[in-house]
Amino acid sequence: MSVTTTIQVNGKSHSVAAEPDTPLLYILRNDLKLKGARFGCGLGQCGACTVLVDGKPVQSCDFPLSAAAGKAVTTIEGLAPDGKLHPLQQAFIDEQAAQCGYCVTGIIMAAKALLDTHSRPSDAEIRTALKGNLCRCGTHQRILRAIHRAAKEIAK
């Protein structure tokens, strides 16, 4: 049975009519037309759909709409609301940390959650924070460099 749920996405309130167990990813992509979070595996195992819910990274493909009610959802689009790239986004460009780009939005969102709590993470902390994000292109060293670069820029 479809119900109307109000969610906060990127600082704006949205009312959506859907089943409470509808994956948040479907609402973001289909109802709100936010295409940054990607459908990868549909099982919460690849991280392509990672968004932040109350600052914590979640795989939106298996996160129900009902669980997002009353919480702040941030997508990759929310990192640059004024058109100016977030330091993480710019660092990924500068370090050429994405090849195909499919996974990169999820990785950036997981890295954002990390940098919000650890201003100077070690390589081990970054790897731990990204353990739920798969990149098959092999840009892992560039990803590490990009996150360290962003950390330095944010610290300024």
# chains A, B, ... in the order shown; residues from 1 in each chain; ligands from 1
$ select_by_dssp --residues "chain A" --states "helix (DSSP H, G or I)" --output "VMD selection string"
chain A and resid 24 to 31 60 to 62 65 to 68 76 to 79 87 to 94 104 to 117 123 to 129 140 to 155
$ residues_around --residues "Val3 in chain A" --least-positions-apart "6" --cutoff "8 Å" --atoms "only C-alpha atoms" --output "number ranges by chain"
A: 16-20
$ closest_residue --among "A:Lys12, A:Cys46, A:Met1, A:Pro64" --to "Leu25 in chain A" --atoms "only C-alpha atoms"
A:Pro64
$ atom_distance --atom1 "CA of Leu52 in chain A" --atom2 "CA of Thr139 in chain A"
22.9 Å
$ residues_around --residues "range 28-38 of chain A" --least-positions-apart "2" --cutoff "6 Å" --atoms "only C-alpha atoms" --output "PyMOL selection string"
chain A and resi 25-26+48-49+76
$ write_last_selection --atoms "C-alpha atoms" --output "PDB file, in the first residue's frame"
ATOM      1  CA  LEU A  25      17.735   4.544  -4.268  1.00  0.00           C
ATOM      2  CA  TYR A  26      14.572   4.175  -6.361  1.00  0.00           C
ATOM      3  CA  ALA A  48      27.701   2.363  -6.004  1.00  0.00           C
ATOM      4  CA  CYS A  49      24.487   3.631  -4.400  1.00  0.00           C
ATOM      5  CA  ILE A  76      26.562  13.559  -4.368  1.00  0.00           C
TER       6      ILE A  76
END
$ closest_residue --among "A:Leu114, A:Val73, A:Ala91, A:Cys100" --to "Ile143 in chain A" --atoms "only C-alpha atoms"
A:Ala91
$ select_by_dssp --residues "chain A" --states "strand (DSSP E or B)" --output "ChimeraX atom specification"
/A:3-9,12-18,23,50-53,56-59,64,72-74
$ residues_around --residues "Asp54 in chain A" --least-positions-apart "3" --cutoff "9 Å" --atoms "only C-alpha atoms" --output "PyMOL selection string"
chain A and resi 57+71-74
$ residues_around --residues "Arg136 in chain A" --least-positions-apart "5" --cutoff "10 Å" --atoms "only C-alpha atoms" --output "ChimeraX atom specification"
/A:99-100,102-103
$ write_last_selection --atoms "C-alpha atoms" --output "compact mmCIF listing (two decimals), in the first residue's frame"
# COMPACT_ATOMS: atom_id res chain seq x y z
CA GLN A 99 38.23 5.72 -14.81
CA CYS A 100 34.75 4.55 -15.75
CA TYR A 102 30.44 4.25 -12.06
CA CYS A 103 31.56 3.67 -8.47
$ residues_around --residues "Cys61 in chain A" --least-positions-apart "3" --cutoff "7 Å" --atoms "only C-alpha atoms" --output "count of residues only"
8
$ closest_residue --among "A:Glu125, A:Val9, A:Arg142, A:Thr4" --to "Pro81 in chain A" --atoms "only C-alpha atoms"
A:Val9
$ closest_residue --among "A:Glu153, A:Asp62, A:Asp82, A:Glu77" --to "Leu115 in chain A" --atoms "only C-alpha atoms"
A:Glu153
$ closest_residue --among "A:Ala98, A:Ile126, A:Ile7, A:Leu65" --to "Ile147 in chain A" --atoms "only C-alpha atoms"
A:Ile126
$ atom_distance --atom1 "CA of Thr5 in chain A" --atom2 "CA of Ala69 in chain A"
6.6 Å
$ closest_residue --among "A:Gln45, A:Gly78, A:Lys152, A:Ser60" --to "Lys131 in chain A" --atoms "only C-alpha atoms"
A:Gln45
